[in-house]
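*Asks:* Structure file start16.txt, compact mmCIF, C-alpha atoms, is pasted below:
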# COMPACT_ATOMS: atom_id res chain seq x y z
CA MET T 491 -7.22 2.17 -13.35
CA ALA T 492 -9.74 0.10 -11.44
CA ILE T 493 -7.74 -0.63 -8.27
CA VAL T 494 -6.31 2.38 -6.43
CA VAL T 495 -3.60 1.97 -3.79
CA ASN T 496 -4.12 4.34 -0.86
CA LEU T 497 -0.88 3.40 0.86
CA ASP T 498 0.22 7.03 1.14
CA VAL T 499 -2.99 7.88 3.00
CA MET T 500 -2.51 5.08 5.55
CA MET T 501 1.16 5.96 5.98
CA ALA T 502 0.21 9.57 6.73
CA LYS T 503 -2.49 8.48 9.21
CA ARG T 504 0.05 6.26 11.01
CA LYS T 505 2.85 8.85 10.68
CA LYS T 506 5.21 6.36 9.01
CA SER T 507 7.77 7.27 6.40
CA LEU T 508 8.51 5.19 3.32
CA THR T 509 11.90 4.26 4.78
CA GLU T 510 10.39 3.16 8.12
CA LEU T 511 7.73 1.05 6.44
CA ALA T 512 10.20 -0.50 3.99
CA GLY T 513 12.35 -1.61 6.92
CA GLU T 514 9.42 -3.08 8.84
CA VAL T 515 7.93 -4.88 5.85
CA ASP T 516 11.32 -6.03 4.49
CA ILE T 517 10.66 -4.70 1.00
CA THR T 518 12.97 -2.49 -1.03
CA LEU T 519 12.35 1.23 -0.94
CA ALA T 520 12.01 1.22 -4.73
CA ASN T 521 9.32 -1.50 -4.74
CA LEU T 522 7.39 0.13 -1.91
CA SER T 523 7.54 3.44 -3.76
CA ILE T 524 6.13 1.78 -6.91
CA LEU T 525 3.25 0.42 -4.83
CA LYS T 526 2.66 3.76 -3.08
CA ASN T 527 2.56 5.65 -6.37
CA ASN T 528 -0.02 3.34 -8.00
CA LYS T 529 2.52 2.01 -10.50
CA ALA T 530 2.42 -1.63 -9.34
CA LYS T 531 0.72 -4.23 -11.53
CA ALA T 532 0.41 -6.77 -8.70
CA VAL T 533 1.05 -7.22 -5.00
CA ARG T 534 1.73 -10.47 -3.15
CA PHE T 535 -0.64 -11.35 -0.35
CA SER T 536 2.36 -11.85 1.94
CA THR T 537 3.49 -8.28 1.20
CA LEU T 538 -0.01 -6.93 1.72
CA GLU T 539 -0.23 -8.84 5.01
CA SER T 540 3.09 -7.38 6.20
CA ILE T 541 2.01 -3.85 5.26
CA CYS T 542 -1.31 -4.28 7.08
CA LYS T 543 0.49 -5.59 10.16
CA ALA T 544 2.98 -2.69 10.15
CA LEU T 545 0.25 -0.07 9.65
CA ASP T 546 -2.33 -1.82 11.87
CA CYS T 547 -5.00 -1.72 9.16
CA GLN T 548 -7.09 -3.90 6.87
CA PRO T 549 -6.39 -4.57 3.15
CA GLY T 550 -9.47 -2.50 2.31
CA ASP T 551 -7.84 0.50 3.97
CA ILE T 552 -5.06 0.28 1.38
CA LEU T 553 -6.79 -1.05 -1.74
CA GLU T 554 -9.87 0.57 -3.26
CA TYR T 555 -11.92 -0.43 -6.29
CA VAL T 556 -12.80 2.52 -8.51
CA PRO T 557 -14.84 1.65 -11.60
CA ASP T 558 -13.55 2.95 -14.94
CA GLU T 559 -15.66 5.67 -16.50
CA VAL T 560 -17.38 4.59 -19.69
Is it possible to express this structure as structure tokens?

*Replies:*
Amino acid sequence: MAIVVNLDVMMAKRKKSLTELAGEVDITLANLSILKNNKAKAVRFSTLESICKALDCQPGDILEYVPDEV
């Protein structure tokens, strides 16, 4: 996987639970869990913006590019 989602790291730094964040971002708990567990295939910019606002962070704090090993 080339893009890693570090949502769990930012949530821990901000001391926010999945339930709290889901309520603030207005996303279902199931969909937020999929994103947190690196199972998502895509994320809308509007969702990413809401998450960044709720966690007071930048998109780069959540998304990380990790090159595939050859």

*Asks:* My list of candidates is T:Lys531, T:Ser536, T:Lys526, T:Asp558. Which is closest to T:Leu497 when distances are computed with all atoms listed in the file?

*Replies:*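 Checking each of T:Lys531, T:Ser536, T:Lys526, T:Asp558 against T:Leu497, counting all atoms listed in the file, the winner is T:Lys526.
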
*Asks:* Rounded to one decimal, what separation in Å do you get between atom CA of T:Lys503 and atom CA of T:Pro557?

*Replies:*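 Pair atom CA of T:Lys503 / atom CA of T:Pro557 returns 25.1 Å.
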
*Asks:* Measuring between only C-alpha atoms, which one of T:Asp546, T:Glu559, T:Asp516, T:Asp551 shows the shortest distance to T:Ala492?

*Replies:* T:Glu559

*Asks:* Using only C-alpha atoms, which residue out of T:Leu545, T:Thr537, T:Arg504, T:Val556 lies closest to T:Leu525?

*Replies:* T:Thr537

*Asks:* Could you give me, as a VMD selection string, the residues that have an atom at most 9 Å away from the point (1.4, -0.9, 10.8) in the coordinates of the file, using only C-alpha atoms?

*Replies:* chain T and resid 500 to 501 504 506 511 514 540 to 547

*Asks:* As an exercise, work out the distance from atom CA of T:Lys529 to atom CA of T:Ala502 in Å and give it to one decimal place.

*Replies:* 19.0 Å

*Asks:* Between T:Leu538, T:Ile524, T:Val494, T:Ala530, which one has atoms that come closest to T:Leu508, using only C-alpha atoms?

*Replies:*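 For T:Leu508, the nearest of the given residues is T:Ile524.
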
*Asks:* Please enclose the listed atoms of stretch 529-536 of chain T in an axis-aligned box, pad each side by 3 Å, and write out the centre and the three edge lengths in Å, rounded to one decimal, as AutoDock Vina command-line options.

*Replies:*
--center_x 0.9 --center_y -4.9 --center_z -4.8 --size_x 9.2 --size_y 19.9 --size_z 19.5

*Asks:* Smallest atom-to-atom distance to T:Ile493: which of T:Leu522, T:Ala532, T:Gln548, T:Glu539, using all atoms listed in the file?

*Replies:*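 Answer, going by the shortest atom-to-atom distance: T:Ala532.
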
*Asks:* In Å, how far is it from atom CA of T:Phe535 to atom CA of T:Asp498?

*Replies:* 18.5 Å

*Asks:* Would you mind completing stretch 492-503 of chain T so that it carries all heavy atoms, and writing it out as an mmCIF file, in the frame of the given file?

*Replies:*
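File out33.cif, as written:
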data_model
loop_
_atom_site.group_PDB
_atom_site.id
_atom_site.type_symbol
_atom_site.label_atom_id
_atom_site.label_comp_id
_atom_site.auth_asym_id
_atom_site.auth_seq_id
_atom_site.Cartn_x
_atom_site.Cartn_y
_atom_site.Cartn_z
ATOM 1 N N ALA T 492 -8.616 0.540 -12.249
ATOM 2 C CA ALA T 492 -9.740 0.100 -11.440
ATOM 3 C C ALA T 492 -9.389 -0.076 -9.964
ATOM 4 O O ALA T 492 -10.222 0.158 -9.112
ATOM 5 C CB ALA T 492 -10.283 -1.213 -11.992
ATOM 6 N N ILE T 493 -8.153 -0.462 -9.658
ATOM 7 C CA ILE T 493 -7.740 -0.630 -8.270
ATOM 8 C C ILE T 493 -6.790 0.510 -7.915
ATOM 9 O O ILE T 493 -5.777 0.712 -8.577
ATOM 10 C CB ILE T 493 -7.038 -1.983 -8.033
ATOM 11 C CG1 ILE T 493 -7.951 -3.150 -8.401
ATOM 12 C CG2 ILE T 493 -6.556 -2.087 -6.585
ATOM 13 C CD1 ILE T 493 -9.170 -3.304 -7.507
ATOM 14 N N VAL T 494 -7.127 1.251 -6.880
ATOM 15 C CA VAL T 494 -6.310 2.380 -6.430
ATOM 16 C C VAL T 494 -5.642 1.978 -5.119
ATOM 17 O O VAL T 494 -6.286 1.425 -4.225
ATOM 18 C CB VAL T 494 -7.176 3.642 -6.230
ATOM 19 C CG1 VAL T 494 -6.356 4.781 -5.674
ATOM 20 C CG2 VAL T 494 -7.833 4.036 -7.535
ATOM 21 N N VAL T 495 -4.358 2.265 -5.007
ATOM 22 C CA VAL T 495 -3.600 1.970 -3.790
ATOM 23 C C VAL T 495 -3.522 3.241 -2.952
ATOM 24 O O VAL T 495 -2.967 4.243 -3.390
ATOM 25 C CB VAL T 495 -2.188 1.452 -4.131
ATOM 26 C CG1 VAL T 495 -1.423 1.146 -2.854
ATOM 27 C CG2 VAL T 495 -2.266 0.215 -5.020
ATOM 28 N N ASN T 496 -4.105 3.187 -1.770
ATOM 29 C CA ASN T 496 -4.120 4.340 -0.860
ATOM 30 C C ASN T 496 -3.072 4.196 0.245
ATOM 31 O O ASN T 496 -3.295 4.600 1.384
ATOM 32 C CB ASN T 496 -5.517 4.477 -0.231
ATOM 33 C CG ASN T 496 -6.555 4.845 -1.250
ATOM 34 O OD1 ASN T 496 -6.347 5.721 -2.069
ATOM 35 N ND2 ASN T 496 -7.680 4.156 -1.223
ATOM 36 N N LEU T 497 -1.941 3.627 -0.120
ATOM 37 C CA LEU T 497 -0.880 3.400 0.860
ATOM 38 C C LEU T 497 -0.384 4.706 1.461
ATOM 39 O O LEU T 497 -0.150 4.790 2.670
ATOM 40 C CB LEU T 497 0.280 2.635 0.205
ATOM 41 C CG LEU T 497 1.437 2.246 1.115
ATOM 42 C CD1 LEU T 497 0.948 1.402 2.286
ATOM 43 C CD2 LEU T 497 2.500 1.509 0.333
ATOM 44 N N ASP T 498 -0.254 5.740 0.643
ATOM 45 C CA ASP T 498 0.220 7.030 1.140
ATOM 46 C C ASP T 498 -0.712 7.611 2.198
ATOM 47 O O ASP T 498 -0.267 8.209 3.173
ATOM 48 C CB ASP T 498 0.444 8.012 0.001
ATOM 49 C CG ASP T 498 -0.764 8.176 -0.902
ATOM 50 O OD1 ASP T 498 -1.680 7.328 -0.856
ATOM 51 O OD2 ASP T 498 -0.798 9.161 -1.665
ATOM 52 N N VAL T 499 -2.005 7.385 2.034
ATOM 53 C CA VAL T 499 -2.990 7.880 3.000
ATOM 54 C C VAL T 499 -2.820 7.176 4.352
ATOM 55 O O VAL T 499 -2.769 7.822 5.403
ATOM 56 C CB VAL T 499 -4.439 7.671 2.477
ATOM 57 C CG1 VAL T 499 -5.468 8.053 3.522
ATOM 58 C CG2 VAL T 499 -4.649 8.454 1.191
ATOM 59 N N MET T 500 -2.677 5.843 4.307
ATOM 60 C CA MET T 500 -2.510 5.080 5.550
ATOM 61 C C MET T 500 -1.176 5.403 6.219
ATOM 62 O O MET T 500 -1.096 5.483 7.443
ATOM 63 C CB MET T 500 -2.626 3.573 5.295
ATOM 64 C CG MET T 500 -4.042 3.084 5.092
ATOM 65 S SD MET T 500 -5.200 3.587 6.388
ATOM 66 C CE MET T 500 -4.476 2.857 7.828
ATOM 67 N N MET T 501 -0.146 5.608 5.418
ATOM 68 C CA MET T 501 1.160 5.960 5.980
ATOM 69 C C MET T 501 1.077 7.313 6.691
ATOM 70 O O MET T 501 1.636 7.478 7.777
ATOM 71 C CB MET T 501 2.221 5.999 4.884
ATOM 72 C CG MET T 501 2.595 4.626 4.374
ATOM 73 S SD MET T 501 3.677 4.674 2.933
ATOM 74 C CE MET T 501 5.020 5.667 3.525
ATOM 75 N N ALA T 502 0.366 8.249 6.108
ATOM 76 C CA ALA T 502 0.210 9.570 6.730
ATOM 77 C C ALA T 502 -0.596 9.458 8.023
ATOM 78 O O ALA T 502 -0.242 10.084 9.032
ATOM 79 C CB ALA T 502 -0.475 10.522 5.757
ATOM 80 N N LYS T 503 -1.666 8.657 7.997
ATOM 81 C CA LYS T 503 -2.490 8.480 9.210
ATOM 82 C C LYS T 503 -1.676 7.870 10.344
ATOM 83 O O LYS T 503 -1.890 8.187 11.520
ATOM 84 C CB LYS T 503 -3.696 7.591 8.913
ATOM 85 C CG LYS T 503 -4.781 8.284 8.129
ATOM 86 C CD LYS T 503 -5.961 7.350 7.929
ATOM 87 C CE LYS T 503 -7.060 8.033 7.133
ATOM 88 N NZ LYS T 503 -8.203 7.134 6.898
#
